[in-house]
Amino acid sequence: MKIQKMYEPDDKLINIIGDNYNILQALGCFGINLGFGDKTVREVCEDQKVDTYTFLAVVNFSINGYRGFDNAHRLSVPTLLQYLKASHAYYIDFELPFIRRELEEALDENDNLARLILKLYDEYAHSIVNHMRYEEKTVFPYVEKLEAGEAPKNYDIHMFSKHHEQTDVKLRELKNIIIKYLPSDGLRNNQLSATLYDIYNCEDWLAQHAQVEDYIFIPAIRELERRTKQDDVTVKISNMISQNPDSQEKLSDREKDVIVALVQGMSNKEIADHLCISINTVITHRRNIARKLQIHSAAGLTIYAIVNSLVDISTVKL
């Protein structure tokens, strides 16, 4: 029985397992081996190179549906990738084949309905494997490139989230057929009941896996995309400023004043009134600024002003 409470870094991991034994599978997916004694979550995670904050975010979400982790940027993307990849391996290499063998042993292979049940299970398993292989071939490599500081142009996590659906309709059909099919033979009844129990657990695990992707993994990648693309723009602007020959021509103090006013969102007329100059003079200053810096957008000027300490980033509306 689950105990509904929030777990912290200083809680003993053995106590969390005692309260919620079904997180044992998650431990393996995080790469946490048993034999950790009475160590706390923090101690175990540090020993086994797992990000503590990310581990607890997944555990508390899985146990209590808790989504109140402070900020997506604190989540460790490498830890999440390790967890998801290992979860796929567990499901594809162990769980699906295990249930298939259970069904084979519990069903009469000479019965047409039994063969249909196995066919339905195979269709379900095939759809799940295809979905996970897509993530492994497309989504995970994309995330690894982001982690390496690259920002692929032809893909983003929104494309994954838009088509991320649970493929569990066939599994519900399978359960219903098995329940109606239970034979009167005592041994087969026990075998099918045990298999059905495993299928229910499998369904719960798959739903939880999809929710971890939706509510933890995808927000973490969106934050990584935001940071990567922002850094990319900043680097490009900085390089443009430092490498362009015209940028070596110094700005006058008045031109710097105009840039600050533009960053603050003033119009040409407001700048003219603020600096006690004519609108035509403001326009001339703006033309000279664009020529010297080769920057023509408000966003570019804002970055230039921040990089060159003309304004404090805390005063800028981003």
# chains A, B, ... in the order shown; residues from 1 in each chain; ligands from 1
call {"tool": "closest_atom_pairs", "arguments": {"of": "segment 35-92 of chain A", "to": "segment 98-116 of chain A", "cutoff": "12 Å", "atoms": "only C-alpha atoms", "output": "JSON lines"}}
result
{"residue": "A:Tyr90", "atom": "CA", "partner": "A:Phe98", "partner_atom": "CA", "distance": 10.7}
{"residue": "A:Tyr91", "atom": "CA", "partner": "A:Phe98", "partner_atom": "CA", "distance": 9.5}
{"residue": "A:Ile92", "atom": "CA", "partner": "A:Phe98", "partner_atom": "CA", "distance": 9.8}
call {"tool": "closest_residue", "arguments": {"among": "A:Val212, A:Ile178, A:Val129, A:Ala151", "to": "Tyr83 of chain A", "atoms": "only C-alpha atoms"}}
result
A:Val212
call {"tool": "select_by_dssp", "arguments": {"residues": "segment 67-310 of chain A", "states": "helix (DSSP H, G or I)", "output": "ChimeraX atom specification"}}
result
/A:72-74,77-106,112-147,157-162,169-181,186-243,245-248,253-263,268-275,279-293,298-307
call {"tool": "residues_around", "arguments": {"residues": "Gln211 of chain A", "least_positions_apart": "2", "cutoff": "12 Å", "atoms": "only C-alpha atoms", "output": "ChimeraX atom specification"}}
result
/A:58,61-62,65-67,84,161,164-166,204-209,213-219
call {"tool": "write_last_selection", "arguments": {"atoms": "C-alpha atoms", "output": "PDB file, in the first residue's frame"}}
result
ATOM      1  CA  VAL A  58      10.314  11.400 -10.487  1.00  0.00           C
ATOM      2  CA  PHE A  61       5.510  12.384  -8.978  1.00  0.00           C
ATOM      3  CA  SER A  62       5.201   8.612  -9.403  1.00  0.00           C
ATOM      4  CA  GLY A  65       1.432  12.830  -8.632  1.00  0.00           C
ATOM      5  CA  TYR A  66       3.419  15.757  -7.197  1.00  0.00           C
ATOM      6  CA  ARG A  67       4.389  18.306  -9.863  1.00  0.00           C
ATOM      7  CA  LEU A  84      13.936   6.789 -19.785  1.00  0.00           C
ATOM      8  CA  SER A 161       4.716  16.203 -27.294  1.00  0.00           C
ATOM      9  CA  HIS A 164       2.831  11.678 -27.661  1.00  0.00           C
ATOM     10  CA  GLU A 165      -0.137   9.475 -26.912  1.00  0.00           C
ATOM     11  CA  GLN A 166      -0.602   6.371 -24.828  1.00  0.00           C
ATOM     12  CA  ASP A 204      -0.048   1.224 -14.692  1.00  0.00           C
ATOM     13  CA  TRP A 205       3.689   1.383 -15.300  1.00  0.00           C
ATOM     14  CA  LEU A 206       3.248   2.425 -18.920  1.00  0.00           C
ATOM     15  CA  ALA A 207       0.792   5.185 -17.969  1.00  0.00           C
ATOM     16  CA  GLN A 208       3.205   6.425 -15.311  1.00  0.00           C
ATOM     17  CA  HIS A 209       6.097   6.327 -17.788  1.00  0.00           C
ATOM     18  CA  GLU A 213       7.663  12.193 -20.050  1.00  0.00           C
ATOM     19  CA  ASP A 214       4.746  14.644 -20.275  1.00  0.00           C
ATOM     20  CA  TYR A 215       5.145  16.431 -16.944  1.00  0.00           C
ATOM     21  CA  ILE A 216       8.884  16.175 -16.188  1.00  0.00           C
ATOM     22  CA  PHE A 217      10.924  15.277 -19.282  1.00  0.00           C
ATOM     23  CA  ILE A 218       9.187  17.552 -21.828  1.00  0.00           C
ATOM     24  CA  PRO A 219       9.247  20.667 -19.556  1.00  0.00           C
TER      25      PRO A 219
END
call {"tool": "residues_around", "arguments": {"residues": "Val139 of chain A", "least_positions_apart": "5", "cutoff": "9 Å", "atoms": "only C-alpha atoms", "output": "MDAnalysis selection string"}}
result
chainID A and resid 134 144 155:157 160
call {"tool": "write_last_selection", "arguments": {"atoms": "N, CA and C atoms", "output": "PDB file, in the first residue's frame"}}
result
ATOM      1  N   TYR A 134      11.034   4.973 -31.720  1.00  0.00           N
ATOM      2  CA  TYR A 134      11.015   6.332 -32.280  1.00  0.00           C
ATOM      3  C   TYR A 134      11.703   7.303 -31.320  1.00  0.00           C
ATOM      4  N   GLU A 144      20.334  14.925 -26.790  1.00  0.00           N
ATOM      5  CA  GLU A 144      21.773  14.844 -26.567  1.00  0.00           C
ATOM      6  C   GLU A 144      22.520  15.927 -27.332  1.00  0.00           C
ATOM      7  N   TYR A 155      13.798  20.168 -35.790  1.00  0.00           N
ATOM      8  CA  TYR A 155      13.046  19.401 -34.802  1.00  0.00           C
ATOM      9  C   TYR A 155      13.005  20.187 -33.505  1.00  0.00           C
ATOM     10  N   ASP A 156      11.940  20.007 -32.731  1.00  0.00           N
ATOM     11  CA  ASP A 156      11.904  20.500 -31.358  1.00  0.00           C
ATOM     12  C   ASP A 156      10.997  19.597 -30.544  1.00  0.00           C
ATOM     13  N   ILE A 157      11.022  19.743 -29.233  1.00  0.00           N
ATOM     14  CA  ILE A 157      10.298  18.827 -28.355  1.00  0.00           C
ATOM     15  C   ILE A 157       8.797  18.969 -28.519  1.00  0.00           C
ATOM     16  N   PHE A 160       7.412  16.233 -30.596  1.00  0.00           N
ATOM     17  CA  PHE A 160       7.244  14.977 -29.865  1.00  0.00           C
ATOM     18  C   PHE A 160       6.002  15.028 -28.987  1.00  0.00           C
TER      19      PHE A 160
END
call {"tool": "closest_residue", "arguments": {"among": "A:Ile117, A:Ile177, A:Val143, A:Ile32", "to": "Ile221 of chain A", "atoms": "only C-alpha atoms"}}
result
A:Val143
call {"tool": "closest_residue", "arguments": {"among": "A:Ile199, A:Ala299, A:Leu120, A:Met159", "to": "Glu173 of chain A", "atoms": "only C-alpha atoms"}}
result
A:Leu120
call {"tool": "residues_around", "arguments": {"residues": "Glu8 of chain A", "least_positions_apart": "6", "cutoff": "12 Å", "atoms": "only C-alpha atoms", "output": "CSV table (one decimal) with N, CA and C atoms, in the first residue's frame"}}
result
chain,number,residue,atom,x,y,z
A,15,ASN,N,13.5,3.4,3.7
A,15,ASN,CA,12.2,3.7,4.3
A,15,ASN,C,11.2,4.0,3.1
A,16,ILE,N,11.7,4.7,2.1
A,16,ILE,CA,10.8,5.0,1.0
A,16,ILE,C,10.4,3.7,0.3
A,40,THR,N,20.9,7.8,3.2
A,40,THR,CA,19.8,8.7,2.8
A,40,THR,C,19.7,8.8,1.2
A,41,VAL,N,18.6,9.3,0.8
A,41,VAL,CA,18.5,9.5,-0.7
A,41,VAL,C,19.7,10.3,-1.3
A,42,ARG,N,20.0,11.4,-0.6
A,42,ARG,CA,21.1,12.2,-1.1
A,42,ARG,C,22.4,11.4,-1.1
A,43,GLU,N,22.7,10.6,-0.1
A,43,GLU,CA,24.0,9.8,0.0
A,43,GLU,C,24.0,8.8,-1.1
A,52,THR,N,20.1,14.1,-7.4
A,52,THR,CA,19.2,13.9,-6.3
A,52,THR,C,17.8,14.6,-6.6
A,53,TYR,N,17.9,15.8,-7.0
A,53,TYR,CA,16.7,16.6,-7.3
A,53,TYR,C,15.8,15.9,-8.3
A,54,THR,N,16.4,15.4,-9.4
A,54,THR,CA,15.7,14.8,-10.5
A,54,THR,C,15.1,13.4,-10.0
A,55,PHE,N,15.9,12.7,-9.2
A,55,PHE,CA,15.4,11.4,-8.7
A,55,PHE,C,14.2,11.6,-7.9
A,56,LEU,N,14.2,12.6,-7.0
A,56,LEU,CA,13.0,12.8,-6.1
A,56,LEU,C,11.9,13.4,-6.9
A,57,ALA,N,12.1,14.2,-7.9
A,57,ALA,CA,11.0,14.7,-8.7
A,57,ALA,C,10.3,13.6,-9.3
A,59,VAL,N,10.3,10.3,-8.3
A,59,VAL,CA,9.7,9.4,-7.3
A,59,VAL,C,8.5,10.1,-6.7
A,60,ASN,N,8.6,11.3,-6.3
A,60,ASN,CA,7.4,12.0,-5.7
A,60,ASN,C,6.2,12.1,-6.7
A,69,PHE,N,7.9,20.6,-8.3
A,69,PHE,CA,9.3,20.8,-8.3
A,69,PHE,C,9.5,22.3,-8.8
call {"tool": "closest_residue", "arguments": {"among": "A:Thr195, A:Phe36, A:Ile63, A:Gly31", "to": "Lys49 of chain A", "atoms": "only C-alpha atoms"}}
result
A:Gly31
call {"tool": "closest_residue", "arguments": {"among": "A:Ala125, A:Ala86, A:Val263, A:Leu75", "to": "Gln25 of chain A", "atoms": "only C-alpha atoms"}}
result
A:Ala86
call {"tool": "closest_residue", "arguments": {"among": "A:Lys269, A:Val311, A:Gly18, A:Asp51", "to": "Pro78 of chain A", "atoms": "only C-alpha atoms"}}
result
A:Asp51
call {"tool": "atom_distance", "arguments": {"atom1": "atom CA of Leu196 of chain A", "atom2": "atom CA of Pro97 of chain A"}}
result
14.5 Å
call {"tool": "atom_distance", "arguments": {"atom1": "atom CA of Lys175 of chain A", "atom2": "atom CA of Tyr197 of chain A"}}
result
9.6 Å
call {"tool": "residues_around", "arguments": {"residues": "Thr284 of chain A", "least_positions_apart": "3", "cutoff": "12 Å", "atoms": "only C-alpha atoms", "output": "list in words"}}
result
Arg254, Glu255, Val258, Asn268, Ala272, Ile277, Ser278, Ile279, Asn280, Thr281, Arg287, Asn288, Ile289, Ala290 and Arg291 of chain A
call {"tool": "atom_distance", "arguments": {"atom1": "atom CA of Ser76 of chain A", "atom2": "atom CA of Lys12 of chain A"}}
result
21.6 Å
